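Asker: Dropping in run_36.cif, which is mmCIF, C-alpha atoms and all ligand atoms:
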```cif
data_structure
#
loop_
_atom_site.label_atom_id
_atom_site.label_comp_id
_atom_site.auth_asym_id
_atom_site.auth_seq_id
_atom_site.Cartn_x
_atom_site.Cartn_y
_atom_site.Cartn_z
CA MET A 1327 -103.92 121.21 174.93
CA SER A 1328 -101.53 120.04 177.59
CA ALA A 1329 -101.51 121.80 180.99
CA ASP A 1330 -98.31 122.30 182.87
CA PRO A 1331 -98.59 120.21 186.08
CA ARG A 1332 -96.54 122.65 188.00
CA LYS A 1333 -98.97 125.44 187.13
CA ILE A 1334 -101.92 123.32 188.25
CA ASN A 1335 -100.16 122.58 191.51
CA LEU A 1336 -99.55 126.25 192.04
CA ARG A 1337 -103.22 127.02 191.40
CA ALA A 1338 -104.32 124.31 193.73
CA GLU A 1339 -102.01 125.49 196.42
CA ALA A 1340 -103.35 128.98 195.88
CA ALA A 1341 -106.87 127.58 196.50
CA GLY A 1342 -105.65 126.16 199.82
CA ALA A 1343 -105.63 122.51 198.71
CA SER A 1344 -102.97 120.21 200.03
CA ASP A 1345 -101.91 116.84 198.61
CA GLU A 1346 -103.88 115.16 201.39
CA SER A 1347 -107.14 117.01 200.72
CA ILE A 1348 -106.92 116.32 196.99
CA GLN A 1349 -106.28 112.65 197.72
CA ALA A 1350 -109.32 112.58 200.08
CA VAL A 1351 -111.61 114.11 197.41
CA HIS A 1352 -110.43 111.53 194.86
CA ASP A 1353 -110.94 108.71 197.29
CA ASP A 1354 -114.52 109.81 197.90
CA LEU A 1355 -115.26 110.03 194.18
CA LEU A 1356 -113.75 106.61 193.53
CA HIS A 1357 -115.90 105.00 196.24
CA GLN A 1358 -119.11 106.40 194.79
CA GLN A 1359 -118.56 104.61 191.51
CA VAL A 1360 -120.09 101.19 191.00
CA GLU A 1361 -117.29 98.77 190.43
CA PRO A 1362 -117.83 96.94 187.13
CA LYS A 1363 -117.77 93.15 187.58
CA GLU A 1364 -117.54 90.20 185.28
CA GLY A 1365 -120.12 87.41 185.22
CA PHE A 1366 -123.45 87.46 187.15
CA THR A 1367 -124.39 89.24 190.34
CA LEU A 1368 -126.28 87.50 193.14
CA MET A 1369 -130.06 88.03 193.03
CA PRO A 1370 -131.04 90.63 195.62
CA LEU A 1371 -132.10 88.92 198.84
CA PHE A 1372 -135.52 90.56 198.66
CA LEU A 1373 -136.34 88.99 195.28
CA LEU A 1374 -135.08 85.63 196.48
CA GLY A 1375 -137.45 85.85 199.46
CA VAL A 1376 -140.47 86.73 197.31
CA LEU A 1377 -139.84 83.90 194.86
CA SER A 1378 -139.25 81.32 197.60
CA THR A 1379 -142.48 82.34 199.33
CA MET A 1380 -144.41 82.00 196.08
CA ILE A 1381 -142.99 78.55 195.37
CA PHE A 1382 -143.85 77.49 198.92
CA ILE A 1383 -147.45 78.73 198.68
CA VAL A 1384 -147.96 77.05 195.30
CA SER A 1385 -146.59 73.74 196.66
CA VAL A 1386 -148.93 73.81 199.63
CA TYR A 1387 -151.90 74.63 197.35
CA PHE A 1388 -150.93 71.82 195.02
CA ILE A 1389 -150.58 69.26 197.80
CA HIS A 1390 -154.05 70.17 199.09
CA ASN A 1391 -155.73 70.15 195.70
CA ARG A 1392 -153.93 67.48 193.76
CA GLY A 1393 -156.91 65.09 194.02
CA GLY A 1394 -154.68 62.09 194.59
CA PHE A 1395 -153.34 62.57 191.07
CA ASP A 1396 -156.56 60.91 189.90
CA PRO A 1397 -157.30 61.82 186.28
CA LEU A 1398 -161.03 61.76 187.15
CA THR A 1399 -160.52 64.79 189.42
CA HIS A 1400 -160.43 67.09 186.44
CA ASP A 1401 -163.01 65.19 184.43
CA GLY A 1402 -166.11 67.37 184.05
CA ARG A 1403 -168.36 64.30 183.90
CA PHE A 1404 -167.22 63.14 187.34
CA ASP A 1405 -169.64 64.20 190.06
CA PRO A 1406 -168.20 63.60 193.53
CA LYS A 1407 -171.69 63.89 195.04
CA THR A 1408 -172.89 60.72 193.34
CA MET A 1409 -169.62 58.88 192.83
CA GLY A 1410 -167.48 59.83 195.81
CA ALA A 1411 -166.88 58.20 199.16
CA SER A 1412 -170.21 59.50 200.50
CA ALA A 1413 -172.13 57.33 198.03
CA VAL A 1414 -170.14 54.27 199.10
CA ALA A 1415 -170.77 54.98 202.79
CA ALA A 1416 -174.48 55.50 202.19
CA ALA A 1417 -174.92 52.12 200.51
CA PRO A 1418 -176.45 49.73 203.08
CA ALA A 1419 -174.40 46.67 204.00
CA ASP A 1420 -175.70 43.45 202.47
CA PRO A 1421 -177.42 41.55 205.32
CA ARG A 1422 -176.57 38.24 203.67
CA ILE A 1423 -172.86 38.81 204.23
CA ALA A 1424 -173.29 39.16 208.01
CA GLY A 1425 -175.96 36.44 207.88
CA LYS A 1426 -173.65 33.98 206.17
CA ARG A 1427 -170.94 34.62 208.74
CA PHE A 1428 -173.17 33.78 211.71
CA TYR A 1429 -174.83 30.88 209.89
CA THR A 1430 -171.42 29.36 209.19
CA GLN A 1431 -170.18 29.90 212.75
CA VAL A 1432 -173.26 28.56 214.52
CA CYS A 1433 -176.13 27.05 212.52
CA ALA A 1434 -173.87 25.09 210.16
CA THR A 1435 -172.66 22.81 213.00
CA CYS A 1436 -176.07 21.12 212.78
CA HIS A 1437 -177.65 22.12 209.47
CA GLN A 1438 -174.31 22.00 207.60
CA ALA A 1439 -172.76 24.59 205.29
CA THR A 1440 -174.64 22.96 202.41
CA GLY A 1441 -177.98 23.54 204.19
CA LEU A 1442 -178.73 19.85 203.69
CA GLY A 1443 -178.62 18.94 207.41
CA VAL A 1444 -177.81 15.41 208.57
CA PRO A 1445 -180.27 12.70 207.50
CA GLY A 1446 -182.50 11.59 210.37
CA VAL A 1447 -180.88 14.01 212.86
CA TYR A 1448 -180.78 17.62 211.64
CA PRO A 1449 -183.41 18.64 209.07
CA PRO A 1450 -182.40 20.43 205.85
CA LEU A 1451 -182.88 24.16 205.33
CA ALA A 1452 -182.30 23.97 201.57
CA GLY A 1453 -185.73 23.57 200.01
CA SER A 1454 -187.47 23.52 203.42
CA GLU A 1455 -191.02 24.89 203.49
CA TRP A 1456 -190.33 26.10 207.07
CA VAL A 1457 -187.66 28.43 205.73
CA THR A 1458 -189.35 29.83 202.65
CA SER A 1459 -193.09 29.89 203.30
CA ASN A 1460 -194.18 31.61 206.52
CA ASP A 1461 -192.08 34.51 207.94
CA SER A 1462 -193.62 34.45 211.41
CA ARG A 1463 -193.14 30.72 212.03
CA LEU A 1464 -189.53 30.93 210.90
CA ILE A 1465 -188.82 33.90 213.17
CA ARG A 1466 -190.56 32.19 216.10
CA LEU A 1467 -188.70 28.88 215.90
CA VAL A 1468 -185.31 30.59 215.71
CA VAL A 1469 -186.04 33.11 218.52
CA HIS A 1470 -187.40 30.53 221.00
CA GLY A 1471 -186.24 27.19 219.60
CA LEU A 1472 -188.12 24.06 218.57
CA GLN A 1473 -188.63 20.56 219.96
CA GLY A 1474 -190.71 17.45 219.39
CA PRO A 1475 -191.55 15.78 216.10
CA ILE A 1476 -191.54 17.96 212.99
CA THR A 1477 -192.03 17.06 209.34
CA VAL A 1478 -189.55 18.66 206.94
CA GLU A 1479 -189.63 17.88 203.20
CA GLY A 1480 -191.77 14.80 203.92
CA LYS A 1481 -189.49 13.34 206.62
CA ILE A 1482 -190.06 13.35 210.36
CA TYR A 1483 -187.35 14.67 212.70
CA ASN A 1484 -187.45 14.70 216.47
CA GLY A 1485 -184.64 16.65 218.04
CA ILE A 1486 -183.98 19.92 219.81
CA MET A 1487 -183.32 23.16 217.99
CA PRO A 1488 -181.86 25.76 220.41
CA ALA A 1489 -183.33 29.24 221.01
CA PHE A 1490 -181.32 32.19 219.65
CA GLY A 1491 -183.41 35.26 220.53
CA ALA A 1492 -182.76 37.99 223.07
CA GLY A 1493 -182.69 36.49 226.59
CA SER A 1494 -181.68 32.99 225.36
CA SER A 1495 -178.22 31.60 225.98
CA TYR A 1496 -177.20 32.78 222.49
CA ASN A 1497 -178.86 36.17 223.11
CA TRP A 1498 -178.72 37.27 219.46
CA ASN A 1499 -180.22 40.67 218.70
CA ASP A 1500 -183.05 41.04 216.18
CA GLN A 1501 -180.71 42.39 213.53
CA ARG A 1502 -178.54 39.31 213.60
CA ILE A 1503 -181.50 36.95 213.50
CA ALA A 1504 -182.96 38.86 210.53
CA ASP A 1505 -179.59 38.74 208.73
CA VAL A 1506 -179.24 34.97 209.20
CA LEU A 1507 -182.84 34.33 208.11
CA THR A 1508 -182.39 36.57 205.06
CA TYR A 1509 -179.31 34.53 204.23
CA ILE A 1510 -180.96 31.08 204.51
CA ARG A 1511 -183.97 32.31 202.50
CA SER A 1512 -181.75 33.25 199.56
CA GLU A 1513 -179.14 30.47 199.62
CA TRP A 1514 -178.98 26.91 198.17
CA GLY A 1515 -181.69 27.71 195.60
CA ASN A 1516 -184.10 29.09 198.23
CA GLU A 1517 -185.88 32.17 196.94
CA ALA A 1518 -187.87 34.04 199.56
CA ALA A 1519 -188.11 37.70 200.55
CA PRO A 1520 -185.61 39.08 203.11
CA ILE A 1521 -186.59 39.35 206.79
CA ALA A 1522 -186.28 42.81 208.35
CA PRO A 1523 -185.11 43.24 211.97
CA GLU A 1524 -188.36 45.13 212.64
CA GLN A 1525 -190.34 41.96 211.85
CA VAL A 1526 -188.35 40.03 214.42
CA THR A 1527 -188.84 42.77 217.02
CA ALA A 1528 -192.58 42.97 216.32
CA ILE A 1529 -193.15 39.24 216.92
CA ARG A 1530 -190.73 38.91 219.83
CA THR A 1531 -192.13 41.86 221.76
CA GLY A 1532 -195.70 41.52 220.46
CA THR A 1533 -197.63 38.21 220.44
CA ASP A 1534 -194.62 36.30 221.83
CA ALA A 1535 -193.74 38.68 224.67
CA GLY A 1536 -193.25 36.71 227.90
CA ARG A 1537 -192.68 33.41 226.08
CA THR A 1538 -189.74 31.29 227.29
CA LYS A 1539 -190.60 27.76 226.07
CA ALA A 1540 -189.46 26.25 222.78
CA TRP A 1541 -192.16 25.79 220.13
CA THR A 1542 -193.64 22.53 218.91
CA GLU A 1543 -194.73 21.95 215.34
CA ALA A 1544 -198.43 21.91 216.36
CA GLU A 1545 -198.08 25.20 218.27
CA LEU A 1546 -196.30 26.88 215.35
CA LEU A 1547 -198.98 25.83 212.88
CA ALA A 1548 -201.69 27.17 215.24
CA ALA A 1549 -199.93 30.49 216.07
CA PRO A 1550 -201.30 33.68 214.44
C1 LIG B 1601 -177.64 22.10 217.92
C2 LIG B 1601 -178.06 21.86 216.56
C3 LIG B 1601 -178.78 22.98 215.86
C4 LIG B 1601 -178.34 24.26 215.67
C5 LIG B 1601 -177.04 24.90 216.15
C6 LIG B 1601 -179.35 24.90 214.86
N1 LIG B 1601 -180.38 24.05 214.62
FE1 LIG B 1601 -182.02 24.46 213.52
N2 LIG B 1601 -182.77 22.63 214.02
C7 LIG B 1601 -182.15 21.67 214.72
C8 LIG B 1601 -183.02 20.56 214.92
C9 LIG B 1601 -182.68 19.28 215.67
C10 LIG B 1601 -184.24 20.88 214.31
C11 LIG B 1601 -185.49 20.04 214.31
C12 LIG B 1601 -186.18 20.27 215.68
C13 LIG B 1601 -187.25 19.22 215.97
O1 LIG B 1601 -187.05 18.11 215.64
O2 LIG B 1601 -188.26 19.65 216.58
C14 LIG B 1601 -184.02 22.20 213.72
C15 LIG B 1601 -184.96 22.87 212.94
C16 LIG B 1601 -184.75 24.03 212.29
C17 LIG B 1601 -185.69 24.63 211.38
C18 LIG B 1601 -187.05 24.13 210.98
C19 LIG B 1601 -186.94 22.86 210.16
C20 LIG B 1601 -186.21 23.03 208.84
O3 LIG B 1601 -185.27 22.26 208.63
O4 LIG B 1601 -186.55 23.92 208.07
C21 LIG B 1601 -185.10 25.79 210.94
C22 LIG B 1601 -185.66 26.78 209.94
C23 LIG B 1601 -183.83 25.91 211.61
N3 LIG B 1601 -183.63 24.82 212.41
C24 LIG B 1601 -182.95 26.96 211.42
C25 LIG B 1601 -181.79 27.12 212.16
C26 LIG B 1601 -180.96 28.31 212.13
C27 LIG B 1601 -181.23 29.53 211.25
C28 LIG B 1601 -179.93 28.12 212.97
C29 LIG B 1601 -178.85 29.07 213.37
C30 LIG B 1601 -179.29 30.36 213.87
C31 LIG B 1601 -180.11 26.79 213.54
N4 LIG B 1601 -181.23 26.23 213.03
C32 LIG B 1601 -179.24 26.22 214.44
C33 LIG B 1601 -180.86 21.74 215.20
C34 LIG B 1601 -180.06 22.88 215.22
#
```
Take the structure in the file and give it back as structure tokens.
Ligand code: HEC
Answerer:
Amino acid sequence: MSADPRKINLRAEAAGASDESIQAVHDDLLHQQVEPKEGFTLMPLFLLGVLSTMIFIVSVYFIHNRGGFDPLTHDGRFDPKTMGASAVAAAPADPRIAGKRFYTQVCATCHQATGLGVPGVYPPLAGSEWVTSNDSRLIRLVVHGLQGPITVEGKIYNGIMPAFGAGSSYNWNDQRIADVLTYIRSEWGNEAAPIAPEQVTAIRTGTDAGRTKAWTEAELLAAP
């Protein structure tokens, strides 16, 4: 059925519509329609924001918890309490390492790095009964020094061994003396128990408190 345009116009005019008002109504209707487009539309800004925030949060979480990319991190048998850095920090330092350092810097100038001393001048520490047998004598002669004739491994020496203890010109603390003695008691084939810093302190501030003189062999053998 085809309508006569002139009749429609007449009816529209009868309803009080002008060309302009009809045009305005059509314009409005056209604007309300969603324009079809080809291809993709941009993601709504809101969704973009949510996704970016999620990716950001996940990255931060991952950086904090990646465990240095260490495969052990996710190994159920790995217990950080017993194997982690805390266990390493808790392990006591080996006194012989510090002992060796100070022996090499100071004692070795006379007794030599080999512990063999210099024949007729500086007695040996390797295999010396003064080093391995009696703790107290060894501590005493290093804290306050030694002079006069002394028999070491069947040979007589007569020189001056300096004092190293607190108050001497070397002024070594008890820890350092214990470390060096522990070192010389376990080096060059010597096998004697370590010396603890407390042992040095006990002798230095106990029976030997107030002493300033170097020892002699006879005095050492008579000391308690
Ligand atoms: C300046 C040289 C010199 C230095 C440094 C020196 N000593 Fe001695 N030491 C001697 C002499 C000399 C004797 C022997 C003393 C004597 O004849 O009465 C001796 C004796 C000893 C003895 C007893 C004898 C023996 O051979 O077992 C011990 C132990 C000893 N020294 C350990 C040490 C230690 C440990 C150090 C470092 C902390 C040290 N000495 C540093 C010169 C030195």
Asker: Write out as a JSON list (two decimals) with C-alpha atoms, in the coordinates of the input the residues lying within 7 Å of A:Asn1484, counting all atoms listed in the file and excluding same-chain residues fewer than 6 positions away.
Answerer:
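Output file part-v3.json is given in full below:
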```json
[["chain", "number", "residue", "atom", "x", "y", "z"],
["A", 1473, "GLN", "CA", -188.63, 20.56, 219.96],
["A", 1474, "GLY", "CA", -190.71, 17.45, 219.39],
["A", 1475, "PRO", "CA", -191.55, 15.78, 216.10],
["A", 1476, "ILE", "CA", -191.54, 17.96, 212.99]]
```
Asker: Please extract the residues at most 8 Å from ligand LIG 1601 (chain B), counting all atoms listed in the file, and provide them as a PyMOL selection string, using the chain letters and residue numbers of this document.
Answerer: chain A and resi 1428-1429+1432-1437+1443+1447-1452+1454-1457+1464+1467-1468+1471-1478+1482-1488+1490+1503+1506-1507+1510+1542-1543
Asker: Given the selection you just returned, output its residues as a file containing C-alpha atoms, formatted as a short mmCIF file (atom, residue, chain, number, x, y, z; two decimals), in the coordinates of the input.
Answerer:
```
data_model
loop_
_atom_site.label_atom_id
_atom_site.label_comp_id
_atom_site.auth_asym_id
_atom_site.auth_seq_id
_atom_site.Cartn_x
_atom_site.Cartn_y
_atom_site.Cartn_z
CA PHE A 1428 -173.17 33.78 211.71
CA TYR A 1429 -174.83 30.88 209.89
CA VAL A 1432 -173.26 28.56 214.52
CA CYS A 1433 -176.13 27.05 212.52
CA ALA A 1434 -173.87 25.09 210.16
CA THR A 1435 -172.66 22.81 213.00
CA CYS A 1436 -176.07 21.12 212.78
CA HIS A 1437 -177.65 22.12 209.47
CA GLY A 1443 -178.62 18.94 207.41
CA VAL A 1447 -180.88 14.01 212.86
CA TYR A 1448 -180.78 17.62 211.64
CA PRO A 1449 -183.41 18.64 209.07
CA PRO A 1450 -182.40 20.43 205.85
CA LEU A 1451 -182.88 24.16 205.33
CA ALA A 1452 -182.30 23.97 201.57
CA SER A 1454 -187.47 23.52 203.42
CA GLU A 1455 -191.02 24.89 203.49
CA TRP A 1456 -190.33 26.10 207.07
CA VAL A 1457 -187.66 28.43 205.73
CA LEU A 1464 -189.53 30.93 210.90
CA LEU A 1467 -188.70 28.88 215.90
CA VAL A 1468 -185.31 30.59 215.71
CA GLY A 1471 -186.24 27.19 219.60
CA LEU A 1472 -188.12 24.06 218.57
CA GLN A 1473 -188.63 20.56 219.96
CA GLY A 1474 -190.71 17.45 219.39
CA PRO A 1475 -191.55 15.78 216.10
CA ILE A 1476 -191.54 17.96 212.99
CA THR A 1477 -192.03 17.06 209.34
CA VAL A 1478 -189.55 18.66 206.94
CA ILE A 1482 -190.06 13.35 210.36
CA TYR A 1483 -187.35 14.67 212.70
CA ASN A 1484 -187.45 14.70 216.47
CA GLY A 1485 -184.64 16.65 218.04
CA ILE A 1486 -183.98 19.92 219.81
CA MET A 1487 -183.32 23.16 217.99
CA PRO A 1488 -181.86 25.76 220.41
CA PHE A 1490 -181.32 32.19 219.65
CA ILE A 1503 -181.50 36.95 213.50
CA VAL A 1506 -179.24 34.97 209.20
CA LEU A 1507 -182.84 34.33 208.11
CA ILE A 1510 -180.96 31.08 204.51
CA THR A 1542 -193.64 22.53 218.91
CA GLU A 1543 -194.73 21.95 215.34
#
```
Asker: Can you work out the spacing between atom CA of A:Ala1540 and atom CA of A:Val1526 in Å, to one decimal?
Answerer: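 Interatomic distance here is 16.2 Å.
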Asker: Go ahead and compute the interatomic distance for atom CA of A:Tyr1509 and atom CA of A:Ala1424, in Å to one decimal.
Answerer: 8.5 Å
Asker: Using only C-alpha atoms, which residue out of A:Gln1349, A:Thr1538, A:Asn1516, A:Thr1440 lies closest to A:Ser1494?
Answerer: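 Residue with the minimum atom-to-atom distance to A:Ser1494: A:Thr1538.
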Asker: At what distance in Å, to one decimal, does atom CA of A:Gln1501 lie from atom CA of A:Pro1523?
Answerer: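 Distance reported for this atom pair: 4.7 Å.
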Asker: So, counting all atoms listed in the file, which residue among A:Gly1453, A:Gly1536, A:Gly1480, A:Pro1520 is closest to A:Gly1493?
Answerer: A:Gly1536
Asker: For A:Pro1421, which of A:Asp1354, A:Asp1505, A:Glu1361, A:Asp1396 is the closest residue, counting all atoms listed in the file?
Answerer: A:Asp1505
Asker: Compare A:Val1469, A:Ala1504, A:Pro1550, A:Arg1511 by their minimum atom-to-atom distance to A:Thr1531, counting only C-alpha atoms, and give me the closest one.
Answerer: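 Looking at the shortest contact to A:Thr1531, the residue is A:Val1469.
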